[in-house]
Amino acid sequence: MTYSKQMQKIVAEYRMSGEPWPAGTRTMAAWAIRTGRWELPESAAISKCAEDLQSAMREDYITDKRGRKVRKLHPATIKSGGQQMVLWDDIRTAPRHHMQMSFQQRRRGIVGDVRQLKIDVDSYNDARDEEPIQMDFDFTMDLAEIEAAEAA
């Protein structure tokens, strides 16, 4: 039986159980869990927990000796034993190699975002008969302005 068919069976059982109908999916889900008809597979629970841990680690900051707010934990994607994995390390204790990989991978992600922004702007401009929107992709002045404002 496919997963979809299993879900349809739960809906049918819910309706036959005498529970209120029509019903919302959250109500039916609570009933299915309460009655043992559905439980979260361990792999899904692990995936959800891993996502939550990742989000929390990305939001964990420390203040360095110069008073800068610095991300504490940094991921680096590596291959080990033929499998790709993401390892996290603390900026205060991580070896240089880990931090260099992490920084390079974050930079590639930023470049990808900027590339997509350029494609979107170019497409928008090409589709319109008006003055094109101009984008400056040199962030040197932006960074200098932010640093100057923070120093003030």
# chains A, B, ... in the order shown; residues from 1 in each chain; ligands from 1
call {"tool": "residues_around", "arguments": {"residues": "segment 35-41 of chain A", "least_positions_apart": "5", "cutoff": "9 Å", "atoms": "only C-alpha atoms", "output": "number ranges by chain"}}
result
A: 7, 10, 29-30, 46
call {"tool": "select_by_dssp", "arguments": {"residues": "segment 6-121 of chain A", "states": "strand (DSSP E or B)", "output": "PyMOL selection string"}}
result
chain A and resi 61-63+69-71+73-80+83-90
call {"tool": "residues_around", "arguments": {"residues": "Leu73 of chain A", "least_positions_apart": "6", "cutoff": "9 Å", "atoms": "only C-alpha atoms", "output": "MDAnalysis selection string"}}
result
chainID A and resid 57:61 88:92
call {"tool": "write_last_selection", "arguments": {"atoms": "N, CA and C atoms", "output": "compact mmCIF listing (two decimals), in the first residue's frame"}}
result
# COMPACT_ATOMS: atom_id res chain seq x y z
N MET A 57 22.09 26.68 15.41
CA MET A 57 23.53 26.94 15.33
C MET A 57 23.83 28.16 14.48
N ARG A 58 23.05 28.39 13.43
CA ARG A 58 23.26 29.57 12.59
C ARG A 58 22.93 30.87 13.34
N GLU A 59 22.14 30.77 14.39
CA GLU A 59 21.74 31.95 15.16
C GLU A 59 22.56 32.14 16.44
N ASP A 60 23.57 31.33 16.64
CA ASP A 60 24.39 31.39 17.86
C ASP A 60 25.59 32.30 17.61
N TYR A 61 25.62 33.43 18.32
CA TYR A 61 26.69 34.41 18.13
C TYR A 61 27.44 34.63 19.44
N TRP A 88 30.12 20.73 11.73
CA TRP A 88 30.09 22.06 12.36
C TRP A 88 31.24 22.14 13.34
N ASP A 89 31.85 23.35 13.43
CA ASP A 89 32.90 23.56 14.41
C ASP A 89 32.80 24.99 14.95
N ASP A 90 33.41 25.20 16.10
CA ASP A 90 33.40 26.47 16.81
C ASP A 90 34.53 27.35 16.29
N ILE A 91 34.21 28.58 15.93
CA ILE A 91 35.20 29.49 15.36
C ILE A 91 36.39 29.70 16.30
N ARG A 92 36.15 29.54 17.60
CA ARG A 92 37.23 29.76 18.57
C ARG A 92 38.21 28.61 18.64
call {"tool": "decode", "arguments": {"residues": "segment 6-151 of chain A", "atoms": "C-alpha atoms", "output": "tab-separated table (two decimals), in the first residue's frame"}}
result
chain	number	residue	atom	x	y	z
A	6	GLN	CA	-2.33	4.69	3.91
A	7	MET	CA	-3.30	8.34	4.49
A	8	GLN	CA	-6.60	7.83	2.65
A	9	LYS	CA	-7.29	4.79	4.87
A	10	ILE	CA	-6.69	6.91	7.99
A	11	VAL	CA	-9.19	9.50	6.70
A	12	ALA	CA	-11.76	6.74	6.09
A	13	GLU	CA	-11.16	5.30	9.57
A	14	TYR	CA	-11.49	8.76	11.08
A	15	ARG	CA	-14.84	9.26	9.39
A	16	MET	CA	-16.08	5.82	10.51
A	17	SER	CA	-14.98	6.45	14.11
A	18	GLY	CA	-17.73	8.97	14.73
A	19	GLU	CA	-15.39	11.92	15.11
A	20	PRO	CA	-16.71	15.31	13.92
A	21	TRP	CA	-17.08	15.63	10.14
A	22	PRO	CA	-16.26	17.71	8.17
A	23	ALA	CA	-12.88	18.06	9.83
A	24	GLY	CA	-9.59	19.81	9.35
A	25	THR	CA	-6.38	17.96	8.64
A	26	ARG	CA	-4.85	18.99	11.99
A	27	THR	CA	-7.83	17.49	13.82
A	28	MET	CA	-7.56	14.28	11.80
A	29	ALA	CA	-3.79	14.16	12.31
A	30	ALA	CA	-4.14	14.57	16.08
A	31	TRP	CA	-6.69	11.73	16.12
A	32	ALA	CA	-4.47	9.48	13.96
A	33	ILE	CA	-1.50	10.03	16.27
A	34	ARG	CA	-3.59	9.69	19.45
A	35	THR	CA	-5.07	6.38	18.25
A	36	GLY	CA	-1.72	4.98	17.06
A	37	ARG	CA	-2.66	4.94	13.38
A	38	TRP	CA	0.24	7.20	12.41
A	39	GLU	CA	3.62	7.91	13.91
A	40	LEU	CA	6.53	9.90	12.67
A	41	PRO	CA	9.16	7.63	11.15
A	42	GLU	CA	12.44	7.88	13.06
A	43	SER	CA	14.23	9.14	9.94
A	44	ALA	CA	11.75	12.04	9.65
A	45	ALA	CA	12.18	12.88	13.34
A	46	ILE	CA	15.96	12.86	12.92
A	47	SER	CA	15.71	15.09	9.83
A	48	LYS	CA	13.45	17.57	11.63
A	49	CYS	CA	15.70	17.66	14.68
A	50	ALA	CA	18.77	18.15	12.44
A	51	GLU	CA	17.05	21.08	10.67
A	52	ASP	CA	16.18	22.66	14.02
A	53	LEU	CA	19.74	22.19	15.28
A	54	GLN	CA	21.11	23.76	12.09
A	55	SER	CA	18.84	26.80	12.47
A	56	ALA	CA	19.81	27.22	16.11
A	57	MET	CA	23.53	26.94	15.33
A	58	ARG	CA	23.26	29.57	12.59
A	59	GLU	CA	21.74	31.95	15.16
A	60	ASP	CA	24.39	31.39	17.86
A	61	TYR	CA	26.69	34.41	18.13
A	62	ILE	CA	29.51	35.47	20.42
A	63	THR	CA	31.23	38.81	20.88
A	64	ASP	CA	34.91	38.85	19.98
A	65	LYS	CA	37.70	40.81	21.71
A	66	ARG	CA	36.99	43.86	19.53
A	67	GLY	CA	33.28	43.84	20.34
A	68	ARG	CA	32.12	42.36	17.01
A	69	LYS	CA	29.13	40.04	16.89
A	70	VAL	CA	30.53	36.86	15.31
A	71	ARG	CA	28.80	33.64	14.30
A	72	LYS	CA	30.04	31.02	16.75
A	73	LEU	CA	29.48	27.79	14.82
A	74	HIS	CA	30.43	27.22	11.18
A	75	PRO	CA	29.56	24.37	8.80
A	76	ALA	CA	31.88	22.85	6.24
A	77	THR	CA	30.72	20.27	3.71
A	78	ILE	CA	33.20	17.43	3.28
A	79	LYS	CA	33.33	14.01	1.64
A	80	SER	CA	34.24	11.08	3.85
A	81	GLY	CA	34.02	7.42	2.92
A	82	GLY	CA	32.30	8.32	-0.34
A	83	GLN	CA	29.56	10.24	1.45
A	84	GLN	CA	28.99	13.97	1.70
A	85	MET	CA	28.45	15.36	5.19
A	86	VAL	CA	28.32	18.71	6.91
A	87	LEU	CA	30.51	19.11	9.99
A	88	TRP	CA	30.09	22.06	12.36
A	89	ASP	CA	32.90	23.56	14.41
A	90	ASP	CA	33.40	26.47	16.81
A	91	ILE	CA	35.20	29.49	15.36
A	92	ARG	CA	37.23	29.76	18.57
A	93	THR	CA	38.68	26.25	18.33
A	94	ALA	CA	38.24	25.11	14.71
A	95	PRO	CA	41.35	24.36	12.68
A	96	ARG	CA	42.19	26.82	9.92
A	97	HIS	CA	41.34	24.23	7.22
A	98	HIS	CA	37.76	23.87	8.50
A	99	MET	CA	37.20	27.62	8.67
A	100	GLN	CA	38.71	28.20	5.23
A	101	MET	CA	36.35	25.59	3.72
A	102	SER	CA	33.38	27.06	5.58
A	103	PHE	CA	34.14	30.61	4.46
A	104	GLN	CA	34.72	29.55	0.85
A	105	GLN	CA	31.46	27.58	0.77
A	106	ARG	CA	29.50	30.52	2.24
A	107	ARG	CA	31.07	32.83	-0.35
A	108	ARG	CA	30.01	30.47	-3.17
A	109	GLY	CA	26.47	30.55	-1.78
A	110	ILE	CA	26.48	34.36	-1.76
A	111	VAL	CA	27.83	34.45	-5.33
A	112	GLY	CA	25.01	32.11	-6.37
A	113	ASP	CA	22.43	34.43	-4.78
A	114	VAL	CA	23.96	37.47	-6.51
A	115	ARG	CA	24.04	35.61	-9.85
A	116	GLN	CA	20.33	34.79	-9.52
A	117	LEU	CA	19.58	38.42	-8.62
A	118	LYS	CA	21.39	39.54	-11.80
A	119	ILE	CA	19.41	37.05	-13.92
A	120	ASP	CA	16.14	38.27	-12.34
A	121	VAL	CA	17.00	41.96	-12.87
A	122	ASP	CA	18.14	41.32	-16.47
A	123	SER	CA	14.93	39.41	-17.24
A	124	TYR	CA	12.77	42.13	-15.68
A	125	ASN	CA	14.59	44.84	-17.65
A	126	ASP	CA	14.37	42.89	-20.92
A	127	ALA	CA	10.61	42.46	-20.51
A	128	ARG	CA	9.91	46.18	-20.01
A	129	ASP	CA	9.97	49.22	-22.26
A	130	GLU	CA	11.20	51.61	-19.61
A	131	GLU	CA	14.43	52.73	-18.02
A	132	PRO	CA	16.24	49.57	-16.85
A	133	ILE	CA	16.84	49.03	-13.16
A	134	GLN	CA	20.58	49.29	-12.57
A	135	MET	CA	22.30	47.06	-10.01
A	136	ASP	CA	25.83	47.52	-8.71
A	137	PHE	CA	27.38	44.20	-7.77
A	138	ASP	CA	30.52	45.68	-6.23
A	139	PHE	CA	29.85	45.60	-2.49
A	140	THR	CA	33.07	47.36	-1.42
A	141	MET	CA	31.36	50.67	-0.61
A	142	ASP	CA	28.39	48.94	1.06
A	143	LEU	CA	30.74	47.08	3.41
A	144	ALA	CA	32.75	50.25	4.12
A	145	GLU	CA	29.58	52.21	4.97
A	146	ILE	CA	28.32	49.47	7.32
A	147	GLU	CA	31.69	49.22	9.07
A	148	ALA	CA	31.92	53.02	9.42
A	149	ALA	CA	28.41	53.19	10.91
A	150	GLU	CA	29.23	50.40	13.37
A	151	ALA	CA	32.45	52.14	14.42
